[in-house]
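Since the structure comes first, as structure tokens, the remarks are kept for the end.
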Amino acid sequence: LFEENENLGKTEFTQPAILLVSSIALAVFKEKCNIGPEFGLGHSLGEFSALVAAGAIDYLDAIELVNKRGTFMTEACSGGGAGMMALLGLDDEKVEAMCKEQREAGKKVWPANYNMDGQLVLAGLKADLESLVDTFKAAGAKRALVLPVGGAFHSPFMLPAKDELAKAIHDANFSTPTCPVYQNVVACAVSNPVEIKENLISQL
């Protein structure tokens, strides 16, 4: 974290580094303010930070877990030419229909992250995503940008990683959080540690 290196660009190191910084920020905040969370939420990796903040998992256990998560994600996409694309200005339903149509035509593209209305991230084969930039723009996208990432996160490319992550999560020690955490895959508040684990596995 505190010296120039190439590891921070690799997701198995990026993920624990981000989680550690989030945990440090939370510790500093707690030191200065007598305010506790009423609920937690976070996007993708951020869900782990939310679970740490809510006391569902110790930060050191979480850091070890997301290091494994990043390693499994990297392995799942190694040599596969996987990638992601940010899309702005199209309705979710239109993007879903276009992706389905492209998959039926043999391309590997899926909606992966629903960030907000009119802003989605797709995942799939990088070459397929690159070939569809003009197609999405012609359909009205304000922007279709292939992202500089080395994986197709939150897509079927992650299925091998999901199986490995499931073992690691089941072995990890989770407690009932001090407040509910809104999880990505269900978009509602969860407090049961068993459900929290299953949702973290599905989220990948």
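Convention: chains lettered A, B, ... in structure tokens order; per-chain residue numbering from 1; ligands numbered from 1 as shown.
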
Item checked: Nearby residues (only C-alpha atoms) at most 10 Å from Val146 (chain A), same-chain spacing under 3 positions excluded, as a list in words -> Gly83, Met84, Met85, Ala86, Leu87, Val121, Leu122, Ala123, Lys126, Ala127, Leu129, Glu130, Leu132, Val133, Arg143 and Val149 of chain A

With a cut-off of 12 Å, could you pull out the residues of region 59-99 of chain A touching region 110-119 of chain A and give me the nearest pair of atoms for each, distance in Å to one decimal, using only C-alpha atoms, ordered by chain and ascending number, as JSON lines?
```
{"residue": "A:Ala82", "atom": "CA", "partner": "A:Trp110", "partner_atom": "CA", "distance": 11.7}
{"residue": "A:Gly83", "atom": "CA", "partner": "A:Trp110", "partner_atom": "CA", "distance": 10.9}
{"residue": "A:Met84", "atom": "CA", "partner": "A:Ala112", "partner_atom": "CA", "distance": 8.6}
{"residue": "A:Met85", "atom": "CA", "partner": "A:Pro111", "partner_atom": "CA", "distance": 9.4}
{"residue": "A:Ala86", "atom": "CA", "partner": "A:Gln119", "partner_atom": "CA", "distance": 7.3}
{"residue": "A:Leu87", "atom": "CA", "partner": "A:Gln119", "partner_atom": "CA", "distance": 5.7}
{"residue": "A:Leu88", "atom": "CA", "partner": "A:Gln119", "partner_atom": "CA", "distance": 4.7}
{"residue": "A:Gly89", "atom": "CA", "partner": "A:Gly118", "partner_atom": "CA", "distance": 4.7}
{"residue": "A:Leu90", "atom": "CA", "partner": "A:Gly118", "partner_atom": "CA", "distance": 5.0}
{"residue": "A:Asp91", "atom": "CA", "partner": "A:Gly118", "partner_atom": "CA", "distance": 5.3}
{"residue": "A:Asp92", "atom": "CA", "partner": "A:Gly118", "partner_atom": "CA", "distance": 6.7}
{"residue": "A:Glu93", "atom": "CA", "partner": "A:Gly118", "partner_atom": "CA", "distance": 10.1}
{"residue": "A:Lys94", "atom": "CA", "partner": "A:Gly118", "partner_atom": "CA", "distance": 10.1}
{"residue": "A:Val95", "atom": "CA", "partner": "A:Pro111", "partner_atom": "CA", "distance": 7.4}
{"residue": "A:Glu96", "atom": "CA", "partner": "A:Pro111", "partner_atom": "CA", "distance": 6.5}
{"residue": "A:Ala97", "atom": "CA", "partner": "A:Pro111", "partner_atom": "CA", "distance": 10.0}
{"residue": "A:Met98", "atom": "CA", "partner": "A:Trp110", "partner_atom": "CA", "distance": 9.5}
{"residue": "A:Cys99", "atom": "CA", "partner": "A:Trp110", "partner_atom": "CA", "distance": 5.9}
```

Item checked: Close residues, region 155-164 of chain A itself excluded, 10 Å, only C-alpha atoms, min 4 positions apart in chain, as JSON, numbers by chain -> {"A": [68, 69, 70, 71, 72, 73, 74, 75, 76, 77, 80, 82, 83, 84, 108, 109, 110, 111, 112, 113, 122, 123, 124, 125, 151, 168, 169, 200, 201, 202, 203, 204]}

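Checking A:Leu8, A:Val186, A:Ala144, A:Leu51 one by one against Phe174 (chain A), counting only C-alpha atoms, you find the shortest gap at A:Leu51.
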
Next item on the list: Apply DSSP to the structure's backbone, then extract all residues of region 55-177 of chain A labelled alpha helix (DSSP H) and return them as a ChimeraX atom specification.
Entry: /A:59-77,92-104,126-131,133-138,159-171

Item checked: Residue among A:Pro180, A:Gly42, A:Gly81, A:Gly36 lying closest to Pro148 (chain A), counting only C-alpha atoms ->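 With only C-alpha atoms as the atom set, the closest residue is A:Gly81.
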
Notebook entry, point to check: Which residue gives the smallest distance to Leu20 (chain A) among A:Cys33, A:Ser44, A:Val194, A:Leu60, with only C-alpha atoms counted?
Noted result: A:Leu60

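Coordinates place CA of Ala187 (chain A) at a distance of 22.2 Å from CA of Leu65 (chain A).
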
Would you mind listing what lies within 9 Å of Tyr182 (chain A) as a PDB file with N, CA, C and O atoms, in the first residue's frame, with only C-alpha atoms counted and same-chain residues fewer than 2 positions away left out?
```pdb
ATOM      1  N   PHE A  39     -27.720   0.529   9.354  1.00  0.00           N
ATOM      2  CA  PHE A  39     -27.710  -0.541   8.357  1.00  0.00           C
ATOM      3  C   PHE A  39     -26.423  -0.402   7.562  1.00  0.00           C
ATOM      4  O   PHE A  39     -25.734   0.614   7.639  1.00  0.00           O
ATOM      5  N   GLY A  40     -26.081  -1.443   6.823  1.00  0.00           N
ATOM      6  CA  GLY A  40     -24.881  -1.403   5.985  1.00  0.00           C
ATOM      7  C   GLY A  40     -25.208  -1.844   4.576  1.00  0.00           C
ATOM      8  O   GLY A  40     -26.166  -2.581   4.347  1.00  0.00           O
ATOM      9  N   LEU A  41     -24.426  -1.355   3.637  1.00  0.00           N
ATOM     10  CA  LEU A  41     -24.528  -1.838   2.255  1.00  0.00           C
ATOM     11  C   LEU A  41     -23.246  -1.478   1.523  1.00  0.00           C
ATOM     12  O   LEU A  41     -22.528  -0.559   1.912  1.00  0.00           O
ATOM     13  N   GLY A  42     -22.952  -2.239   0.497  1.00  0.00           N
ATOM     14  CA  GLY A  42     -21.760  -1.978  -0.303  1.00  0.00           C
ATOM     15  C   GLY A  42     -21.869  -2.712  -1.618  1.00  0.00           C
ATOM     16  O   GLY A  42     -22.531  -3.748  -1.722  1.00  0.00           O
ATOM     17  N   GLU A  47     -19.485  -4.920  -0.199  1.00  0.00           N
ATOM     18  CA  GLU A  47     -20.380  -5.648   0.695  1.00  0.00           C
ATOM     19  C   GLU A  47     -19.590  -6.256   1.855  1.00  0.00           C
ATOM     20  O   GLU A  47     -20.092  -6.342   2.974  1.00  0.00           O
ATOM     21  N   ALA A  50     -19.062  -3.535   4.321  1.00  0.00           N
ATOM     22  CA  ALA A  50     -20.309  -3.311   5.057  1.00  0.00           C
ATOM     23  C   ALA A  50     -20.483  -4.361   6.156  1.00  0.00           C
ATOM     24  O   ALA A  50     -20.917  -4.049   7.263  1.00  0.00           O
ATOM     25  N   PRO A 180     -28.747  -4.634  10.242  1.00  0.00           N
ATOM     26  CA  PRO A 180     -28.960  -5.359   8.988  1.00  0.00           C
ATOM     27  C   PRO A 180     -28.018  -4.863   7.881  1.00  0.00           C
ATOM     28  O   PRO A 180     -27.628  -3.692   7.856  1.00  0.00           O
ATOM     29  N   ASN A 184     -26.253  -7.440  -2.137  1.00  0.00           N
ATOM     30  CA  ASN A 184     -26.374  -7.167  -3.566  1.00  0.00           C
ATOM     31  C   ASN A 184     -27.391  -8.051  -4.282  1.00  0.00           C
ATOM     32  O   ASN A 184     -28.185  -7.562  -5.082  1.00  0.00           O
ATOM     33  N   VAL A 186     -29.985  -9.800  -3.247  1.00  0.00           N
ATOM     34  CA  VAL A 186     -31.392  -9.776  -2.854  1.00  0.00           C
ATOM     35  C   VAL A 186     -31.934  -8.359  -2.699  1.00  0.00           C
ATOM     36  O   VAL A 186     -33.146  -8.168  -2.642  1.00  0.00           O
ATOM     37  N   ALA A 187     -31.040  -7.378  -2.604  1.00  0.00           N
ATOM     38  CA  ALA A 187     -31.426  -5.967  -2.463  1.00  0.00           C
ATOM     39  C   ALA A 187     -32.378  -5.745  -1.293  1.00  0.00           C
ATOM     40  O   ALA A 187     -33.291  -4.932  -1.365  1.00  0.00           O
ATOM     41  N   CYS A 188     -32.167  -6.512  -0.222  1.00  0.00           N
ATOM     42  CA  CYS A 188     -32.943  -6.290   0.996  1.00  0.00           C
ATOM     43  C   CYS A 188     -32.064  -6.601   2.206  1.00  0.00           C
ATOM     44  O   CYS A 188     -30.974  -7.177   2.064  1.00  0.00           O
ATOM     45  N   ALA A 189     -32.530  -6.212   3.375  1.00  0.00           N
ATOM     46  CA  ALA A 189     -31.739  -6.333   4.592  1.00  0.00           C
ATOM     47  C   ALA A 189     -31.675  -7.777   5.068  1.00  0.00           C
ATOM     48  O   ALA A 189     -32.676  -8.479   5.107  1.00  0.00           O
ATOM     49  N   VAL A 190     -30.472  -8.216   5.440  1.00  0.00           N
ATOM     50  CA  VAL A 190     -30.252  -9.589   5.910  1.00  0.00           C
ATOM     51  C   VAL A 190     -29.480  -9.538   7.226  1.00  0.00           C
ATOM     52  O   VAL A 190     -28.541  -8.750   7.369  1.00  0.00           O
ATOM     53  N   SER A 191     -29.860 -10.389   8.171  1.00  0.00           N
ATOM     54  CA  SER A 191     -29.161 -10.465   9.452  1.00  0.00           C
ATOM     55  C   SER A 191     -28.697 -11.875   9.794  1.00  0.00           C
ATOM     56  O   SER A 191     -27.850 -12.055  10.664  1.00  0.00           O
TER      57      SER A 191
END
```

Next item on the list: Using DSSP on the backbone coordinates, identify all residues within region 55-102 of chain A classified as strand (DSSP E); present the result as a PyMOL selection string.
Entry: chain A and resi 82-88

Now that the selection is made, can you save its residues with N, CA and C atoms as a short mmCIF file (atom, residue, chain, number, x, y, z; two decimals), in the first residue's frame?
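File selection24.cif, as written:
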```cif
data_model
loop_
_atom_site.label_atom_id
_atom_site.label_comp_id
_atom_site.auth_asym_id
_atom_site.auth_seq_id
_atom_site.Cartn_x
_atom_site.Cartn_y
_atom_site.Cartn_z
N ALA A 82 -11.38 -12.41 -20.96
CA ALA A 82 -12.60 -11.84 -20.39
C ALA A 82 -12.45 -10.35 -20.13
N GLY A 83 -13.57 -9.64 -20.09
CA GLY A 83 -13.53 -8.20 -19.85
C GLY A 83 -14.88 -7.65 -19.44
N MET A 84 -14.93 -6.32 -19.29
CA MET A 84 -16.16 -5.64 -18.88
C MET A 84 -16.32 -4.34 -19.65
N MET A 85 -17.55 -3.88 -19.73
CA MET A 85 -17.86 -2.63 -20.47
C MET A 85 -18.87 -1.81 -19.70
N ALA A 86 -18.63 -0.50 -19.59
CA ALA A 86 -19.59 0.41 -18.97
C ALA A 86 -20.50 0.97 -20.06
N LEU A 87 -21.81 0.96 -19.77
CA LEU A 87 -22.80 1.47 -20.72
C LEU A 87 -23.61 2.57 -20.06
N LEU A 88 -23.72 3.72 -20.72
CA LEU A 88 -24.50 4.83 -20.19
C LEU A 88 -25.61 5.21 -21.17
#
```

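Atom to atom, CA of Ser175 (chain A) and CA of Asp61 (chain A) stand 11.9 Å apart.
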
Margin query: Set the distance at 10 Å and use only C-alpha atoms: which residues neighbour Ile18 (chain A) once local chain neighbours fewer than 3 positions away are removed? I'd like the list as a count of residues only.
Written below: 14
